[in-house]
Amino acid sequence: ILRCIYIGRLTNEKGLTEILNVFELFGERKKDIRLTIAGMDEQNFIPRINQLALEYKNINYIGHVENIESQLENQDLLLLPSFREGFGNVVIEAAAMGIPCIGSNIYGLSDSIVNGDTGIKIDAGDKSALYNSILKIKNDPILYNNLSQNAYNRVKSNFSRSKVLAEWDYLYGRLLG
């Protein structure tokens, strides 16, 4: 079983419609791929999520979560096929736990995902690319292990607390003279 997670606001701009469409296909085709959805519903997605969960048993909605790490620890892959995104902190949080991401090749996410190294970038709105990328990761354990290890190593070397605090100190030092 490949365990995927989406964490974020439940809106079209985050690519949730595309995720649900893909997981409907996985359910119809009896693929052993599961999805956990965490976040606040801003556009009435819960009825469709519940319908798909009942019909295919491959989706679990857990609502808003305060402790993201507790939800990530039992997951294999983060999905964030967003149309608009900031830096993508959730991508870094997942990578710190060795969880790669499939995300859109858009401003913000393009800085938090290294395509083919720490995750896979797809064009925003490309349901087919999302579907195929999930299957590619599921069917290639060597690829998955490489993405997972590289994601973890990138966070460890570039986003450690000491490194981030040093960068903030440097920036404030430059700004304040």
# chains A, B, ... in the order shown; residues from 1 in each chain; ligands from 1
call {"tool": "select_by_dssp", "arguments": {"residues": "chain A", "states": "helix (DSSP H, G or I)", "output": "PyMOL selection string"}}
result
chain A and resi 12-14+16-28+46-56+68-72+89-95+109-112+127-139+141-158+161-176
call {"tool": "closest_atom_pairs", "arguments": {"of": "range 89-145 of chain A", "to": "range 68-82 of chain A", "cutoff": "10 Å", "atoms": "only C-alpha atoms", "output": "JSON lines"}}
result
{"residue": "A:Val90", "atom": "CA", "partner": "A:Ile68", "partner_atom": "CA", "distance": 8.4}
{"residue": "A:Val91", "atom": "CA", "partner": "A:Leu78", "partner_atom": "CA", "distance": 7.4}
{"residue": "A:Glu93", "atom": "CA", "partner": "A:Glu69", "partner_atom": "CA", "distance": 7.6}
{"residue": "A:Ala94", "atom": "CA", "partner": "A:Leu72", "partner_atom": "CA", "distance": 6.6}
{"residue": "A:Ala95", "atom": "CA", "partner": "A:Leu78", "partner_atom": "CA", "distance": 9.0}
{"residue": "A:Ala96", "atom": "CA", "partner": "A:Glu69", "partner_atom": "CA", "distance": 9.6}
{"residue": "A:Met97", "atom": "CA", "partner": "A:Glu73", "partner_atom": "CA", "distance": 7.2}
{"residue": "A:Gly98", "atom": "CA", "partner": "A:Asp76", "partner_atom": "CA", "distance": 8.3}
{"residue": "A:Ile99", "atom": "CA", "partner": "A:Leu77", "partner_atom": "CA", "distance": 5.5}
{"residue": "A:Pro100", "atom": "CA", "partner": "A:Leu77", "partner_atom": "CA", "distance": 5.5}
{"residue": "A:Cys101", "atom": "CA", "partner": "A:Leu78", "partner_atom": "CA", "distance": 4.5}
{"residue": "A:Ile102", "atom": "CA", "partner": "A:Leu79", "partner_atom": "CA", "distance": 5.1}
{"residue": "A:Gly103", "atom": "CA", "partner": "A:Pro81", "partner_atom": "CA", "distance": 4.5}
{"residue": "A:Ser104", "atom": "CA", "partner": "A:Pro81", "partner_atom": "CA", "distance": 4.6}
{"residue": "A:Asn105", "atom": "CA", "partner": "A:Pro81", "partner_atom": "CA", "distance": 8.4}
{"residue": "A:Ile106", "atom": "CA", "partner": "A:Ser82", "partner_atom": "CA", "distance": 7.9}
{"residue": "A:Leu109", "atom": "CA", "partner": "A:Ser82", "partner_atom": "CA", "distance": 8.5}
{"residue": "A:Gly119", "atom": "CA", "partner": "A:Leu77", "partner_atom": "CA", "distance": 9.1}
{"residue": "A:Ile120", "atom": "CA", "partner": "A:Leu79", "partner_atom": "CA", "distance": 9.8}
{"residue": "A:Lys121", "atom": "CA", "partner": "A:Pro81", "partner_atom": "CA", "distance": 8.5}
{"residue": "A:Ile122", "atom": "CA", "partner": "A:Pro81", "partner_atom": "CA", "distance": 7.4}
{"residue": "A:Asp123", "atom": "CA", "partner": "A:Pro81", "partner_atom": "CA", "distance": 8.0}
{"residue": "A:Ala124", "atom": "CA", "partner": "A:Pro81", "partner_atom": "CA", "distance": 6.0}
{"residue": "A:Gly125", "atom": "CA", "partner": "A:Pro81", "partner_atom": "CA", "distance": 7.2}
{"residue": "A:Asp126", "atom": "CA", "partner": "A:Pro81", "partner_atom": "CA", "distance": 8.5}
{"residue": "A:Lys127", "atom": "CA", "partner": "A:Pro81", "partner_atom": "CA", "distance": 9.0}
{"residue": "A:Leu130", "atom": "CA", "partner": "A:Pro81", "partner_atom": "CA", "distance": 7.7}
{"residue": "A:Ile134", "atom": "CA", "partner": "A:Leu77", "partner_atom": "CA", "distance": 8.5}
{"residue": "A:Ile137", "atom": "CA", "partner": "A:Leu77", "partner_atom": "CA", "distance": 8.8}
{"residue": "A:Lys138", "atom": "CA", "partner": "A:Leu77", "partner_atom": "CA", "distance": 9.5}
{"residue": "A:Tyr144", "atom": "CA", "partner": "A:Asp76", "partner_atom": "CA", "distance": 8.9}
call {"tool": "residues_around", "arguments": {"residues": "Arg29 in chain A", "least_positions_apart": "4", "cutoff": "12 Å", "atoms": "only C-alpha atoms", "output": "JSON, numbers by chain"}}
result
{"A": [22, 23, 24, 25, 33, 56, 58, 131]}
call {"tool": "atom_distance", "arguments": {"atom1": "CA of Thr11 in chain A", "atom2": "CA of Asn67 in chain A"}}
result
20.7 Å
call {"tool": "atom_distance", "arguments": {"atom1": "CA of Tyr107 in chain A", "atom2": "CA of Leu135 in chain A"}}
result
25.1 Å
call {"tool": "atom_distance", "arguments": {"atom1": "CA of Gly116 in chain A", "atom2": "CA of Trp168 in chain A"}}
result
29.0 Å
call {"tool": "closest_residue", "arguments": {"among": "A:Gly108, A:Leu16, A:Pro47, A:Phe159", "to": "Arg84 in chain A", "atoms": "only C-alpha atoms"}}
result
A:Gly108
call {"tool": "decode", "arguments": {"residues": "range 26-54 of chain A", "atoms": "N, CA and C atoms", "output": "mmCIF file, in the first residue's frame"}}
result
data_model
loop_
_atom_site.group_PDB
_atom_site.id
_atom_site.type_symbol
_atom_site.label_atom_id
_atom_site.label_comp_id
_atom_site.auth_asym_id
_atom_site.auth_seq_id
_atom_site.Cartn_x
_atom_site.Cartn_y
_atom_site.Cartn_z
ATOM 1 N N PHE A 26 -8.089 5.618 -8.968
ATOM 2 C CA PHE A 26 -7.419 4.544 -8.228
ATOM 3 C C PHE A 26 -8.453 3.596 -7.619
ATOM 4 N N GLY A 27 -9.526 4.152 -7.080
ATOM 5 C CA GLY A 27 -10.576 3.331 -6.492
ATOM 6 C C GLY A 27 -11.272 2.457 -7.519
ATOM 7 N N GLU A 28 -11.583 3.055 -8.668
ATOM 8 C CA GLU A 28 -12.245 2.297 -9.741
ATOM 9 C C GLU A 28 -11.362 1.161 -10.243
ATOM 10 N N ARG A 29 -10.079 1.408 -10.288
ATOM 11 C CA ARG A 29 -9.131 0.426 -10.842
ATOM 12 C C ARG A 29 -8.528 -0.471 -9.768
ATOM 13 N N LYS A 30 -9.031 -0.332 -8.545
ATOM 14 C CA LYS A 30 -8.600 -1.181 -7.419
ATOM 15 C C LYS A 30 -7.102 -1.112 -7.153
ATOM 16 N N LYS A 31 -6.534 0.078 -7.298
ATOM 17 C CA LYS A 31 -5.122 0.274 -6.981
ATOM 18 C C LYS A 31 -4.968 0.351 -5.467
ATOM 19 N N ASP A 32 -3.895 -0.188 -4.960
ATOM 20 C CA ASP A 32 -3.648 -0.224 -3.527
ATOM 21 C C ASP A 32 -2.926 1.056 -3.086
ATOM 22 N N ILE A 33 -3.638 2.150 -3.235
ATOM 23 C CA ILE A 33 -3.088 3.474 -2.921
ATOM 24 C C ILE A 33 -4.128 4.198 -2.076
ATOM 25 N N ARG A 34 -3.713 4.718 -0.933
ATOM 26 C CA ARG A 34 -4.627 5.366 0.006
ATOM 27 C C ARG A 34 -4.276 6.840 0.143
ATOM 28 N N LEU A 35 -5.286 7.625 0.530
ATOM 29 C CA LEU A 35 -5.115 9.066 0.708
ATOM 30 C C LEU A 35 -5.701 9.498 2.038
ATOM 31 N N THR A 36 -4.915 10.243 2.798
ATOM 32 C CA THR A 36 -5.391 10.942 3.985
ATOM 33 C C THR A 36 -5.435 12.417 3.644
ATOM 34 N N ILE A 37 -6.538 13.056 3.990
ATOM 35 C CA ILE A 37 -6.714 14.486 3.732
ATOM 36 C C ILE A 37 -6.845 15.197 5.075
ATOM 37 N N ALA A 38 -6.003 16.213 5.274
ATOM 38 C CA ALA A 38 -6.040 17.009 6.496
ATOM 39 C C ALA A 38 -6.184 18.479 6.131
ATOM 40 N N GLY A 39 -7.128 19.150 6.756
ATOM 41 C CA GLY A 39 -7.284 20.583 6.527
ATOM 42 C C GLY A 39 -8.723 21.021 6.700
ATOM 43 N N MET A 40 -8.895 22.320 6.715
ATOM 44 C CA MET A 40 -10.222 22.921 6.864
ATOM 45 C C MET A 40 -10.887 23.032 5.501
ATOM 46 N N ASP A 41 -12.156 22.663 5.454
ATOM 47 C CA ASP A 41 -12.928 22.692 4.214
ATOM 48 C C ASP A 41 -13.418 24.114 3.945
ATOM 49 N N GLU A 42 -12.903 24.715 2.887
ATOM 50 C CA GLU A 42 -13.300 26.081 2.527
ATOM 51 C C GLU A 42 -14.247 26.127 1.331
ATOM 52 N N GLN A 43 -14.397 25.010 0.613
ATOM 53 C CA GLN A 43 -15.227 25.031 -0.593
ATOM 54 C C GLN A 43 -16.135 23.812 -0.707
ATOM 55 N N ASN A 44 -16.609 23.314 0.430
ATOM 56 C CA ASN A 44 -17.596 22.236 0.468
ATOM 57 C C ASN A 44 -17.114 20.958 -0.222
ATOM 58 N N PHE A 45 -15.906 20.543 0.089
ATOM 59 C CA PHE A 45 -15.347 19.301 -0.447
ATOM 60 C C PHE A 45 -15.775 18.066 0.340
ATOM 61 N N ILE A 46 -16.175 18.233 1.585
ATOM 62 C CA ILE A 46 -16.448 17.084 2.450
ATOM 63 C C ILE A 46 -17.496 16.138 1.869
ATOM 64 N N PRO A 47 -18.596 16.613 1.272
ATOM 65 C CA PRO A 47 -19.544 15.648 0.698
ATOM 66 C C PRO A 47 -18.912 14.741 -0.370
ATOM 67 N N ARG A 48 -18.088 15.300 -1.244
ATOM 68 C CA ARG A 48 -17.439 14.460 -2.272
ATOM 69 C C ARG A 48 -16.425 13.522 -1.640
ATOM 70 N N ILE A 49 -15.666 14.009 -0.687
ATOM 71 C CA ILE A 49 -14.688 13.163 0.011
ATOM 72 C C ILE A 49 -15.407 11.993 0.675
ATOM 73 N N ASN A 50 -16.499 12.277 1.385
ATOM 74 C CA ASN A 50 -17.244 11.218 2.066
ATOM 75 C C ASN A 50 -17.826 10.220 1.073
ATOM 76 N N GLN A 51 -18.317 10.703 -0.061
ATOM 77 C CA GLN A 51 -18.883 9.816 -1.079
ATOM 78 C C GLN A 51 -17.816 8.876 -1.630
ATOM 79 N N LEU A 52 -16.625 9.425 -1.942
ATOM 80 C CA LEU A 52 -15.531 8.600 -2.453
ATOM 81 C C LEU A 52 -15.032 7.625 -1.385
ATOM 82 N N ALA A 53 -14.973 8.086 -0.148
ATOM 83 C CA ALA A 53 -14.523 7.215 0.949
ATOM 84 C C ALA A 53 -15.464 6.027 1.118
ATOM 85 N N LEU A 54 -16.764 6.271 1.018
ATOM 86 C CA LEU A 54 -17.742 5.178 1.138
ATOM 87 C C LEU A 54 -17.677 4.224 -0.052
#
